[in-house]
$ cat start33.txt   # compact mmCIF, C-alpha atoms
# COMPACT_ATOMS: atom_id res chain seq x y z
CA MET A 1 17.24 11.13 9.81
CA SER A 2 19.20 13.94 8.19
CA ASN A 3 17.36 17.15 7.47
CA ALA A 4 18.80 17.13 3.94
CA ASN A 5 16.42 15.65 1.40
CA PRO A 6 18.22 12.76 -0.33
CA PHE A 7 16.52 13.72 -3.59
CA GLY A 8 17.58 17.36 -3.58
CA ALA A 9 16.02 20.63 -2.50
CA GLN A 10 12.88 20.05 -4.57
CA GLY A 11 12.47 16.51 -3.30
CA TRP A 12 11.46 13.54 -5.41
CA THR A 13 9.42 14.25 -8.55
CA PRO A 14 8.50 12.09 -11.57
CA GLU A 15 11.21 13.87 -13.58
CA ARG A 16 13.60 11.43 -11.87
CA MET A 17 11.85 8.42 -13.39
CA SER A 18 13.59 6.23 -15.93
CA SER A 19 11.91 4.11 -18.58
CA HIS A 20 9.92 1.16 -17.26
CA GLU A 21 9.57 -0.56 -20.63
CA GLY A 22 9.54 -4.32 -20.18
CA LYS A 23 8.58 -4.13 -16.51
CA THR A 24 5.37 -5.36 -14.93
CA TYR A 25 3.75 -4.00 -11.78
CA VAL A 26 0.83 -5.28 -9.75
CA ILE A 27 -1.07 -2.50 -7.98
CA THR A 28 -3.95 -3.15 -5.59
CA GLY A 29 -6.73 -0.58 -5.55
CA ALA A 30 -5.57 0.83 -8.88
CA ASN A 31 -9.00 2.00 -10.05
CA ALA A 32 -9.02 5.29 -8.10
CA GLY A 33 -6.99 7.72 -6.03
CA ALA A 34 -3.24 7.32 -5.59
CA GLY A 35 -3.31 3.78 -6.98
CA TYR A 36 -4.87 4.99 -10.22
CA GLU A 37 -2.38 7.84 -10.49
CA ALA A 38 0.54 5.47 -9.89
CA ALA A 39 -0.77 3.16 -12.63
CA ARG A 40 -1.19 6.11 -14.96
CA LEU A 41 2.32 7.43 -14.25
CA LEU A 42 3.93 4.05 -14.77
CA ALA A 43 1.94 3.51 -17.98
CA TRP A 44 3.35 6.78 -19.31
CA HIS A 45 6.80 5.31 -18.71
CA GLY A 46 6.06 2.13 -20.64
CA ALA A 47 5.27 -0.34 -17.86
CA GLU A 48 2.68 -3.09 -17.94
CA ILE A 49 0.20 -2.68 -15.10
CA ILE A 50 -1.88 -5.38 -13.45
CA MET A 51 -4.76 -3.47 -11.86
CA ALA A 52 -6.05 -5.60 -9.00
CA SER A 53 -9.26 -4.22 -7.49
CA ARG A 54 -12.64 -5.34 -6.19
CA ASN A 55 -14.89 -3.36 -8.59
CA PRO A 56 -14.60 -4.61 -12.20
CA THR A 57 -16.63 -1.75 -13.65
CA LYS A 58 -14.44 0.90 -12.01
CA VAL A 59 -11.27 -0.86 -13.13
CA ASP A 60 -12.49 -1.07 -16.73
CA THR A 61 -13.36 2.63 -16.62
CA ALA A 62 -9.91 3.43 -15.23
CA ILE A 63 -8.21 1.37 -17.95
CA THR A 64 -10.17 3.18 -20.64
CA ALA A 65 -9.26 6.56 -19.18
CA ILE A 66 -5.54 5.74 -19.04
CA LYS A 67 -5.53 4.35 -22.57
CA ASN A 68 -7.33 7.44 -23.85
CA GLU A 69 -4.53 9.53 -22.37
CA VAL A 70 -1.44 7.38 -22.82
CA GLY A 71 -2.42 5.54 -25.97
CA SER A 72 -4.37 2.47 -27.00
CA ASP A 73 -1.21 0.37 -26.80
CA ALA A 74 -0.85 0.99 -23.05
CA LYS A 75 -0.50 -2.39 -21.31
CA LEU A 76 -3.18 -2.61 -18.62
CA THR A 77 -4.86 -5.76 -17.31
CA ARG A 78 -7.68 -6.17 -14.81
CA ILE A 79 -7.56 -8.77 -12.06
CA ASP A 80 -10.54 -9.06 -9.72
CA LEU A 81 -9.35 -8.87 -6.12
CA ASP A 82 -11.34 -8.39 -2.93
CA LEU A 83 -8.90 -8.06 -0.05
CA ALA A 84 -11.76 -8.64 2.39
CA SER A 85 -11.87 -12.26 1.23
CA LEU A 86 -8.92 -14.62 1.63
CA LYS A 87 -10.55 -16.85 -0.99
CA SER A 88 -10.56 -13.94 -3.44
CA VAL A 89 -6.93 -13.11 -2.63
CA ARG A 90 -5.91 -16.70 -3.37
CA ALA A 91 -7.88 -16.73 -6.62
CA ALA A 92 -6.38 -13.41 -7.72
CA ALA A 93 -2.84 -14.58 -6.93
CA GLU A 94 -3.44 -17.76 -8.91
CA GLN A 95 -4.58 -15.71 -11.93
CA ILE A 96 -1.63 -13.34 -11.66
CA LEU A 97 0.89 -16.19 -11.47
CA ALA A 98 -0.74 -17.83 -14.48
CA LYS A 99 -0.76 -14.66 -16.59
CA VAL A 100 2.32 -12.75 -15.50
CA PRO A 101 5.78 -14.31 -15.97
CA GLN A 102 7.53 -11.56 -14.02
CA ILE A 103 6.56 -9.10 -11.30
CA ASP A 104 8.96 -6.19 -11.03
CA GLY A 105 6.89 -4.54 -8.36
CA LEU A 106 3.94 -5.33 -6.10
CA VAL A 107 2.31 -2.21 -4.67
CA CYS A 108 0.06 -2.78 -1.66
CA ASN A 109 -1.97 0.38 -2.17
CA ALA A 110 -5.63 -0.53 -1.57
CA ALA A 111 -7.17 0.39 1.77
CA ILE A 112 -10.39 1.16 3.56
CA ALA A 113 -10.61 3.72 6.34
CA GLN A 114 -12.80 5.10 9.10
CA VAL A 115 -15.44 2.36 8.82
CA ALA A 116 -18.25 3.86 10.89
CA LYS A 117 -19.40 0.70 12.70
CA GLN A 118 -17.59 -2.52 13.41
CA GLU A 119 -17.80 -4.78 10.38
CA LEU A 120 -16.24 -8.22 9.92
CA THR A 121 -14.89 -9.73 6.73
CA GLU A 122 -16.15 -13.09 5.54
CA ASP A 123 -13.17 -14.62 7.34
CA GLY A 124 -14.14 -12.97 10.63
CA PHE A 125 -11.59 -10.14 10.74
CA GLU A 126 -12.32 -6.53 11.66
CA SER A 127 -12.77 -5.06 8.19
CA GLN A 128 -9.94 -2.50 8.20
CA LEU A 129 -7.42 -4.98 9.59
CA GLY A 130 -8.68 -7.65 7.20
CA VAL A 131 -8.42 -5.52 4.07
CA ASN A 132 -5.43 -3.35 4.87
CA HIS A 133 -3.20 -5.93 6.54
CA TYR A 134 -4.29 -9.59 6.36
CA GLY A 135 -5.32 -9.45 2.70
CA HIS A 136 -2.04 -7.85 1.67
CA PHE A 137 0.00 -10.16 3.91
CA LEU A 138 -1.48 -13.16 2.10
CA LEU A 139 -1.07 -11.61 -1.36
CA CYS A 140 2.58 -10.77 -0.68
CA GLY A 141 3.23 -14.31 0.53
CA LEU A 142 1.61 -15.90 -2.50
CA LEU A 143 3.45 -13.66 -4.99
CA TYR A 144 6.76 -13.41 -3.15
CA GLU A 145 8.67 -16.04 -5.13
CA ARG A 146 7.63 -14.48 -8.44
CA VAL A 147 8.74 -11.03 -7.27
CA LYS A 148 12.03 -12.49 -6.01
CA ALA A 149 12.65 -14.32 -9.29
CA SER A 150 12.15 -10.98 -11.06
CA LYS A 151 14.55 -9.20 -8.65
CA GLY A 152 11.62 -6.92 -7.97
CA ARG A 153 10.22 -4.77 -5.20
CA ILE A 154 7.35 -4.86 -2.74
CA VAL A 155 5.98 -1.45 -1.80
CA VAL A 156 3.66 -1.16 1.19
CA VAL A 157 1.62 2.04 1.37
CA GLY A 158 1.33 3.00 5.02
CA SER A 159 -0.17 6.07 6.60
CA MET A 160 0.76 8.81 9.05
CA GLY A 161 -2.11 7.28 11.01
CA TYR A 162 0.40 4.76 12.38
CA GLN A 163 1.43 7.42 14.90
CA MET A 164 -2.16 8.18 15.89
CA GLY A 165 -4.79 6.20 17.76
CA THR A 166 -3.39 3.79 20.37
CA LYS A 167 -0.02 3.37 18.56
CA ARG A 168 0.02 -0.37 19.26
CA ILE A 169 -1.19 -3.72 17.90
CA PRO A 170 -4.17 -4.81 20.06
CA PHE A 171 -3.28 -8.51 20.28
CA GLU A 172 -5.76 -9.00 23.12
CA ASP A 173 -8.69 -7.81 20.96
CA MET A 174 -7.77 -7.61 17.27
CA ASN A 175 -11.39 -7.15 16.22
CA TRP A 176 -12.04 -4.36 18.72
CA ASP A 177 -14.97 -6.27 20.20
CA GLY A 178 -14.47 -4.52 23.52
CA LYS A 179 -14.72 -0.94 22.30
CA TYR A 180 -14.75 -0.31 18.56
CA ASN A 181 -13.48 3.06 17.41
CA PRO A 182 -13.13 3.77 13.66
CA MET A 183 -9.98 5.84 13.99
CA ASN A 184 -8.21 3.51 16.42
CA ALA A 185 -9.02 0.46 14.29
CA TYR A 186 -7.81 2.18 11.11
CA CYS A 187 -4.57 3.41 12.68
CA ALA A 188 -3.83 -0.04 14.09
CA SER A 189 -4.42 -1.63 10.69
CA LYS A 190 -1.95 0.74 9.01
CA LEU A 191 0.58 0.23 11.79
CA ALA A 192 0.22 -3.52 11.23
CA GLN A 193 0.91 -3.08 7.51
CA MET A 194 4.03 -1.08 8.20
CA MET A 195 5.36 -3.40 10.90
CA PHE A 196 4.84 -6.33 8.53
CA ALA A 197 6.80 -4.51 5.82
CA TYR A 198 9.73 -3.67 8.09
CA GLU A 199 9.78 -7.25 9.38
CA LEU A 200 9.83 -8.45 5.77
CA GLN A 201 12.77 -6.11 5.12
CA ARG A 202 14.66 -7.68 8.01
CA ARG A 203 13.92 -11.22 6.85
CA VAL A 204 14.94 -10.43 3.27
CA GLN A 205 18.23 -8.97 4.51
CA ALA A 206 18.86 -11.96 6.77
CA VAL A 207 18.64 -14.49 3.92
CA GLY A 208 20.08 -12.25 1.21
CA ASP A 209 17.16 -12.50 -1.23
CA ASP A 210 17.50 -10.23 -4.27
CA ILE A 211 14.34 -8.26 -3.58
CA GLU A 212 13.62 -4.83 -2.10
CA VAL A 213 10.85 -3.89 0.31
CA HIS A 214 9.95 -0.24 0.87
CA VAL A 215 7.34 1.67 2.84
CA CYS A 216 5.73 4.97 1.90
CA HIS A 217 2.65 7.09 2.56
CA PRO A 218 0.62 9.55 0.45
CA GLY A 219 0.19 12.18 3.14
CA ALA A 220 -3.11 14.02 3.01
CA ALA A 221 -4.28 13.42 -0.54
CA ARG A 222 -7.67 14.05 -2.12
CA THR A 223 -8.79 10.47 -2.77
CA GLU A 224 -11.92 8.37 -2.31
CA LEU A 225 -10.53 6.84 0.90
CA SER A 226 -13.01 7.19 3.78
CA LYS A 227 -15.81 8.55 1.60
CA GLU A 228 -17.84 5.34 1.44
CA GLU A 229 -17.32 3.74 4.83
CA ALA A 230 -17.01 6.71 7.19
CA ASN A 231 -19.71 8.11 9.44
CA LEU A 232 -21.32 11.47 8.67
CA VAL A 233 -19.10 13.50 11.01
CA THR A 234 -15.93 12.07 9.47
CA LYS A 235 -17.22 12.70 5.94
CA ILE A 236 -17.92 16.34 6.81
CA LEU A 237 -14.47 16.70 8.38
CA PHE A 238 -12.76 15.29 5.30
CA LYS A 239 -14.74 17.67 3.09
CA ILE A 240 -13.67 20.64 5.19
CA MET A 241 -10.02 19.52 5.16
CA SER A 242 -9.97 18.64 1.45
CA PRO A 243 -8.82 22.09 0.23
CA LEU A 244 -5.75 21.77 2.47
CA ALA A 245 -4.78 18.38 1.02
CA GLN A 246 -2.67 17.71 -2.04
CA SER A 247 -3.81 16.02 -5.23
CA ALA A 248 -4.14 12.26 -5.60
CA GLU A 249 -1.52 12.53 -8.33
CA LYS A 250 1.07 13.88 -5.91
CA GLY A 251 -0.11 11.32 -3.37
CA SER A 252 1.07 8.64 -5.80
CA TRP A 253 4.60 9.99 -6.10
CA PRO A 254 5.96 8.14 -3.03
CA GLU A 255 4.79 4.86 -4.58
CA ALA A 256 6.60 5.69 -7.82
CA LEU A 257 9.67 6.77 -5.85
CA CYS A 258 9.82 3.38 -4.13
CA LEU A 259 9.56 1.55 -7.46
CA ASN A 260 12.03 3.74 -9.33
CA GLU A 261 14.89 4.87 -7.11
CA ASP A 262 18.08 2.90 -6.57
CA GLY A 263 19.94 2.95 -3.29
CA LEU A 264 16.92 3.13 -0.98
CA GLN A 265 17.69 1.93 2.52
CA PRO A 266 15.65 -0.29 4.89
CA GLY A 267 13.93 1.20 7.90
CA ARG A 268 12.89 4.30 5.99
CA PHE A 269 9.50 5.92 5.38
CA TYR A 270 8.92 7.97 2.22
CA GLY A 271 6.28 10.61 1.65
CA PRO A 272 5.47 14.33 1.95
CA THR A 273 7.74 16.16 4.38
CA GLN A 274 5.88 19.38 5.16
CA ARG A 275 2.98 20.40 7.44
CA ALA A 276 3.28 17.42 9.79
CA ASN A 277 4.34 15.27 6.81
CA MET A 278 0.93 15.63 5.19
CA VAL A 279 1.79 17.63 2.06
CA GLY A 280 4.68 19.17 0.19
CA ILE A 281 8.12 18.07 -0.92
CA ILE A 282 8.56 14.29 -1.20
CA GLY A 283 11.42 12.69 0.66
CA GLU A 284 12.24 10.71 3.79
CA THR A 285 9.68 11.13 6.56
CA ASP A 286 10.55 10.76 10.24
CA LEU A 287 9.65 7.30 11.54
CA GLN A 288 8.68 6.67 15.14
CA ASP A 289 10.39 3.81 16.97
CA HIS A 290 7.24 1.81 17.71
CA ALA A 291 6.88 0.99 14.00
CA LEU A 292 10.25 -0.76 14.12
CA ASP A 293 9.65 -2.87 17.26
CA GLN A 294 11.04 -6.25 16.22
CA GLU A 295 9.46 -8.26 19.02
CA VAL A 296 5.98 -6.98 18.24
CA ALA A 297 6.56 -7.42 14.50
CA ALA A 298 7.58 -11.04 14.93
CA ARG A 299 4.49 -11.72 17.03
CA LEU A 300 2.31 -10.01 14.40
CA TRP A 301 3.91 -12.10 11.63
CA ALA A 302 3.18 -15.34 13.48
CA LEU A 303 -0.42 -14.27 14.10
CA SER A 304 -0.84 -13.26 10.44
CA GLU A 305 0.38 -16.67 9.29
CA GLU A 306 -2.11 -18.32 11.62
CA GLN A 307 -5.05 -16.15 10.56
CA THR A 308 -4.41 -16.36 6.81
CA GLY A 309 -3.41 -20.01 6.78
CA LEU A 310 -0.16 -19.26 4.97
CA ALA A 311 3.16 -19.99 6.66
CA TRP A 312 5.83 -18.15 4.69
CA SER A 313 9.07 -16.35 5.17
CA PRO A 314 11.96 -15.41 2.90
$ encode --input "start33.txt" --output "C-alpha cells"
Amino acid sequence: MSNANPFGAQGWTPERMSSHEGKTYVITGANAGAGYEAARLLAWHGAEIIMASRNPTKVDTAITAIKNEVGSDAKLTRIDLDLASLKSVRAAAEQILAKVPQIDGLVCNAAIAQVAKQELTEDGFESQLGVNHYGHFLLCGLLYERVKASKGRIVVVGSMGYQMGTKRIPFEDMNWDGKYNPMNAYCASKLAQMMFAYELQRRVQAVGDDIEVHVCHPGAARTELSKEEANLVTKILFKIMSPLAQSAEKGSWPEALCLNEDGLQPGRFYGPTQRANMVGIIGETDLQDHALDQEVAARLWALSEEQTGLAWSP
C-alpha cells in the first residue's frame, strides 16, 4: 500500500459525499453507534434508510432523533432483525424484499463483542460468530440478487481485531468448546467476516456481476459495542480507554466512504490510519496477508453455506 492517502492529505471526510437522493440503503445495527451515525449521515444526503436491528424500541427512538434533526420527511424504515437467529434473518430479508424495490447498499454493521462467557445462538453457534458472521452471511446471500439488480454495494464492517487473537479460523472448534476466550472468539468472528467479504469480492470479479463489495473498520470509536456483553474487567478497560477513542460519528465515516466513493479497489481495507490504525485520518489501512488467504476463505464459505442452509455464490 502506498503511503499517500488516496483521498488527499486530510483523508476521507463527508465533504466528499454526493447526493444520495433516490438511493436506498439497508444498515444492520443502525439504532446506535457507528451504524446510527451512518444512517444519520446518509439521511442528511437524501437517502432512504432501512434500519435493521433487534431492538424495536431503540430503532424507533433512533428514527425519531434523526427526523428531529434532518426533518420529518427523512425516509427511515424499521425492520426487525436478530442476527443471532437464522429464522429472524430470513424473515427480515423477506420483509425487505417485499418492501424495497432497490438496494443501493447493504451495510453489515451490527456486531457483538467480548461476550464474557460462552453463549450459543438458537441455531447452536458461538454467539459472536453467529451474529457477526453467519447472520450477515445469510443476509447477504438472501439480498444479493436485489443488490446486484440495483448495481449496488455490499459493505462489511470488519475490525482491527482481525490481526489480534489467534489470527486464524478455528475450523476444528468453531464454538470454542475446548477453551473459550472472549477476545479470541471475537477476533475470529471479525476475521471470518472479512475473509467472507474478500472471497465475495473475488467471486463477483470472476463472474463480472455489476456489484461492489468493500471492507472497512471504525477503528477505536466510542460506541455501545462490548458494553452489554463484556465481563467487568473488559468494561473497566473500555471505560479507561474511551477518552483516547474517536467519536462514533467519525467511526461511521469509513462506512460512508465505501458507499460513496467511485474507483475503490478490491483487496483493500478502509478506516482510520493513525495510532495503530485506531483513530485519525480516514484512508486505506494496511491489510495483513492472512485476511486474504483464498484457500481458507473458500473453506469458510463452504462451511457457512452448510451452517446457514443457504448455498449461494455470484
$ atom_distance --input "start33.txt" --atom1 "CA of Tyr36 in chain A" --atom2 "CA of Ala52 in chain A"
10.7 Å
$ atom_distance --input "start33.txt" --atom1 "CA of Met195 in chain A" --atom2 "CA of Gly135 in chain A"
14.8 Å
$ closest_atom_pairs --input "start33.txt" --of "range 62-124 of chain A" --to "range 43-46 of chain A" --cutoff "12 Å" --atoms "only C-alpha atoms" --output "Markdown table"
| residue | atom | partner | partner_atom | distance |
| --- | --- | --- | --- | --- |
| A:Ile63 | CA | A:Ala43 | CA | 10.4 |
| A:Ala65 | CA | A:Ala43 | CA | 11.7 |
| A:Ile66 | CA | A:Ala43 | CA | 7.9 |
| A:Lys67 | CA | A:Ala43 | CA | 8.8 |
| A:Asn68 | CA | A:Trp44 | CA | 11.6 |
| A:Glu69 | CA | A:Trp44 | CA | 8.9 |
| A:Val70 | CA | A:Trp44 | CA | 6.0 |
| A:Gly71 | CA | A:Trp44 | CA | 8.9 |
| A:Ser72 | CA | A:Ala43 | CA | 11.1 |
| A:Asp73 | CA | A:Gly46 | CA | 9.7 |
| A:Ala74 | CA | A:Ala43 | CA | 6.3 |
| A:Lys75 | CA | A:Ala43 | CA | 7.2 |
| A:Leu76 | CA | A:Ala43 | CA | 8.0 |
| A:Thr77 | CA | A:Ala43 | CA | 11.5 |
$ atom_distance --input "start33.txt" --atom1 "CA of Glu126 in chain A" --atom2 "CA of Met174 in chain A"
7.3 Å
$ closest_residue --input "start33.txt" --among "A:Gly29, A:Pro218, A:Pro272, A:Gly105" --to "Ser252 in chain A" --atoms "only C-alpha atoms"
A:Pro218
$ residues_around --input "start33.txt" --residues "range 156-160 of chain A" --least-positions-apart "6" --cutoff "8 Å" --atoms "all atoms listed in the file" --output "MDAnalysis selection string"
chainID A and resid 107:109 187 190:191 193:194 197 213:219 255 277:278
$ write_last_selection --input "start33.txt" --atoms "C-alpha atoms" --output "short mmCIF file (atom, residue, chain, number, x, y, z; two decimals), in the coordinates of the input"
data_model
loop_
_atom_site.label_atom_id
_atom_site.label_comp_id
_atom_site.auth_asym_id
_atom_site.auth_seq_id
_atom_site.Cartn_x
_atom_site.Cartn_y
_atom_site.Cartn_z
CA VAL A 107 2.31 -2.21 -4.67
CA CYS A 108 0.06 -2.78 -1.66
CA ASN A 109 -1.97 0.38 -2.17
CA CYS A 187 -4.57 3.41 12.68
CA LYS A 190 -1.95 0.74 9.01
CA LEU A 191 0.58 0.23 11.79
CA GLN A 193 0.91 -3.08 7.51
CA MET A 194 4.03 -1.08 8.20
CA ALA A 197 6.80 -4.51 5.82
CA VAL A 213 10.85 -3.89 0.31
CA HIS A 214 9.95 -0.24 0.87
CA VAL A 215 7.34 1.67 2.84
CA CYS A 216 5.73 4.97 1.90
CA HIS A 217 2.65 7.09 2.56
CA PRO A 218 0.62 9.55 0.45
CA GLY A 219 0.19 12.18 3.14
CA GLU A 255 4.79 4.86 -4.58
CA ASN A 277 4.34 15.27 6.81
CA MET A 278 0.93 15.63 5.19
#
$ residues_around --input "start33.txt" --residues "Thr308 in chain A" --least-positions-apart "4" --cutoff "10 Å" --atoms "all atoms listed in the file" --output "PyMOL selection string"
chain A and resi 86-87+123+130+134-135+137-138+303-304
$ closest_residue --input "start33.txt" --among "A:Ala93, A:Leu264, A:Ile103, A:Met51" --to "Thr28 in chain A" --atoms "all atoms listed in the file"
A:Met51
$ closest_residue --input "start33.txt" --among "A:Asp210, A:Asp177, A:Glu122, A:Glu15" --to "Glu145 in chain A" --atoms "all atoms listed in the file"
A:Asp210
$ closest_residue --input "start33.txt" --among "A:Asn5, A:Ser85, A:Gln307, A:Ser19" --to "Thr273 in chain A" --atoms "all atoms listed in the file"
A:Asn5
$ residues_around --input "start33.txt" --residues "range 206-208 of chain A" --least-positions-apart "4" --cutoff "9 Å" --atoms "all atoms listed in the file" --output "number ranges by chain"
A: 201-202, 314
$ closest_residue --input "start33.txt" --among "A:Glu21, A:Glu212, A:Glu305, A:Asp173" --to "Glu48 in chain A" --atoms "all atoms listed in the file"
A:Glu21
$ residues_near_point --input "start33.txt" --point "(3.2, -14.5, -16.4)" --cutoff "12 Å" --atoms "all atoms listed in the file" --output "number ranges by chain"
A: 23-26, 48, 50, 77, 93-104, 143, 146-147, 149-150
$ closest_residue --input "start33.txt" --among "A:Ile154, A:Leu142, A:Ala111, A:Ala47" --to "Ala34 in chain A" --atoms "all atoms listed in the file"
A:Ala111
$ residues_near_point --input "start33.txt" --point "(13.9, -3.1, -8.4)" --cutoff "8 Å" --atoms "all atoms listed in the file" --output "PDB file with C-alpha atoms, keeping the file's coordinate frame"
ATOM      1  CA  ASP A 104       8.960  -6.190 -11.030  1.00  0.00           C
ATOM      2  CA  GLY A 105       6.890  -4.540  -8.360  1.00  0.00           C
ATOM      3  CA  LYS A 151      14.550  -9.200  -8.650  1.00  0.00           C
ATOM      4  CA  GLY A 152      11.620  -6.920  -7.970  1.00  0.00           C
ATOM      5  CA  ARG A 153      10.220  -4.770  -5.200  1.00  0.00           C
ATOM      6  CA  ILE A 211      14.340  -8.260  -3.580  1.00  0.00           C
ATOM      7  CA  GLU A 212      13.620  -4.830  -2.100  1.00  0.00           C
ATOM      8  CA  LEU A 259       9.560   1.550  -7.460  1.00  0.00           C
ATOM      9  CA  ASN A 260      12.030   3.740  -9.330  1.00  0.00           C
ATOM     10  CA  ASP A 262      18.080   2.900  -6.570  1.00  0.00           C
TER      11      ASP A 262
END
$ decode --input "start33.txt" --residues "range 64-132 of chain A" --atoms "C-alpha atoms" --output "PDB file, in the first residue's frame"
ATOM      1  CA  THR A  64     -37.304   9.961  15.864  1.00  0.00           C
ATOM      2  CA  ALA A  65     -33.945  11.510  16.714  1.00  0.00           C
ATOM      3  CA  ILE A  66     -32.809  11.561  13.076  1.00  0.00           C
ATOM      4  CA  LYS A  67     -36.105  13.006  11.876  1.00  0.00           C
ATOM      5  CA  ASN A  68     -35.953  15.704  14.545  1.00  0.00           C
ATOM      6  CA  GLU A  69     -32.554  16.699  13.178  1.00  0.00           C
ATOM      7  CA  VAL A  70     -32.859  16.096   9.443  1.00  0.00           C
ATOM      8  CA  GLY A  71     -36.553  16.777   9.008  1.00  0.00           C
ATOM      9  CA  SER A  72     -39.848  14.943   9.287  1.00  0.00           C
ATOM     10  CA  ASP A  73     -39.637  13.947   5.627  1.00  0.00           C
ATOM     11  CA  ALA A  74     -36.481  11.884   6.217  1.00  0.00           C
ATOM     12  CA  LYS A  75     -37.052   8.390   4.800  1.00  0.00           C
ATOM     13  CA  LEU A  76     -36.371   5.868   7.570  1.00  0.00           C
ATOM     14  CA  THR A  77     -37.947   2.431   7.981  1.00  0.00           C
ATOM     15  CA  ARG A  78     -37.562  -0.114  10.767  1.00  0.00           C
ATOM     16  CA  ILE A  79     -37.074  -3.804  10.052  1.00  0.00           C
ATOM     17  CA  ASP A  80     -36.796  -6.189  12.993  1.00  0.00           C
ATOM     18  CA  LEU A  81     -33.658  -8.291  12.644  1.00  0.00           C
ATOM     19  CA  ASP A  82     -31.935 -10.526  15.174  1.00  0.00           C
ATOM     20  CA  LEU A  83     -28.707 -11.796  13.626  1.00  0.00           C
ATOM     21  CA  ALA A  84     -28.486 -14.426  16.369  1.00  0.00           C
ATOM     22  CA  SER A  85     -31.445 -16.196  14.756  1.00  0.00           C
ATOM     23  CA  LEU A  86     -31.320 -17.547  11.214  1.00  0.00           C
ATOM     24  CA  LYS A  87     -35.123 -17.636  11.283  1.00  0.00           C
ATOM     25  CA  SER A  88     -35.183 -13.914  12.080  1.00  0.00           C
ATOM     26  CA  VAL A  89     -32.652 -13.184   9.318  1.00  0.00           C
ATOM     27  CA  ARG A  90     -34.830 -14.996   6.788  1.00  0.00           C
ATOM     28  CA  ALA A  91     -37.951 -13.177   7.970  1.00  0.00           C
ATOM     29  CA  ALA A  92     -36.202  -9.799   7.820  1.00  0.00           C
ATOM     30  CA  ALA A  93     -34.879 -10.480   4.315  1.00  0.00           C
ATOM     31  CA  GLU A  94     -38.362 -11.467   3.185  1.00  0.00           C
ATOM     32  CA  GLN A  95     -39.770  -8.185   4.524  1.00  0.00           C
ATOM     33  CA  ILE A  96     -37.010  -6.133   2.924  1.00  0.00           C
ATOM     34  CA  LEU A  97     -37.501  -7.772  -0.470  1.00  0.00           C
ATOM     35  CA  ALA A  98     -41.247  -7.181  -0.226  1.00  0.00           C
ATOM     36  CA  LYS A  99     -40.909  -3.513   0.744  1.00  0.00           C
ATOM     37  CA  VAL A 100     -37.776  -2.318  -1.021  1.00  0.00           C
ATOM     38  CA  PRO A 101     -37.608  -2.426  -4.838  1.00  0.00           C
ATOM     39  CA  GLN A 102     -33.925  -1.484  -4.911  1.00  0.00           C
ATOM     40  CA  ILE A 103     -30.973  -1.812  -2.550  1.00  0.00           C
ATOM     41  CA  ASP A 104     -28.125   0.510  -3.439  1.00  0.00           C
ATOM     42  CA  GLY A 105     -26.122  -0.561  -0.438  1.00  0.00           C
ATOM     43  CA  LEU A 106     -26.182  -3.239   2.256  1.00  0.00           C
ATOM     44  CA  VAL A 107     -24.034  -2.340   5.260  1.00  0.00           C
ATOM     45  CA  CYS A 108     -23.148  -5.241   7.557  1.00  0.00           C
ATOM     46  CA  ASN A 109     -22.511  -3.065  10.589  1.00  0.00           C
ATOM     47  CA  ALA A 110     -24.103  -4.828  13.581  1.00  0.00           C
ATOM     48  CA  ALA A 111     -21.836  -6.765  15.919  1.00  0.00           C
ATOM     49  CA  ILE A 112     -21.434  -8.076  19.428  1.00  0.00           C
ATOM     50  CA  ALA A 113     -18.078  -8.231  21.172  1.00  0.00           C
ATOM     51  CA  GLN A 114     -16.224  -9.578  24.174  1.00  0.00           C
ATOM     52  CA  VAL A 115     -19.077 -11.817  25.350  1.00  0.00           C
ATOM     53  CA  ALA A 116     -17.895 -12.730  28.841  1.00  0.00           C
ATOM     54  CA  LYS A 117     -18.902 -16.409  28.865  1.00  0.00           C
ATOM     55  CA  GLN A 118     -19.525 -18.814  26.036  1.00  0.00           C
ATOM     56  CA  GLU A 119     -23.063 -18.359  24.747  1.00  0.00           C
ATOM     57  CA  LEU A 120     -24.739 -20.155  21.850  1.00  0.00           C
ATOM     58  CA  THR A 121     -27.315 -18.768  19.458  1.00  0.00           C
ATOM     59  CA  GLU A 122     -30.616 -20.560  18.981  1.00  0.00           C
ATOM     60  CA  ASP A 123     -29.013 -22.286  15.990  1.00  0.00           C
ATOM     61  CA  GLY A 124     -26.127 -23.571  18.118  1.00  0.00           C
ATOM     62  CA  PHE A 125     -23.371 -21.163  17.037  1.00  0.00           C
ATOM     63  CA  GLU A 126     -20.931 -19.401  19.357  1.00  0.00           C
ATOM     64  CA  SER A 127     -22.720 -16.079  19.768  1.00  0.00           C
ATOM     65  CA  GLN A 128     -20.085 -13.736  18.305  1.00  0.00           C
ATOM     66  CA  LEU A 129     -19.509 -15.951  15.268  1.00  0.00           C
ATOM     67  CA  GLY A 130     -23.253 -16.427  14.864  1.00  0.00           C
ATOM     68  CA  VAL A 131     -24.128 -12.736  14.978  1.00  0.00           C
ATOM     69  CA  ASN A 132     -21.095 -11.179  13.345  1.00  0.00           C
TER      70      ASN A 132
END
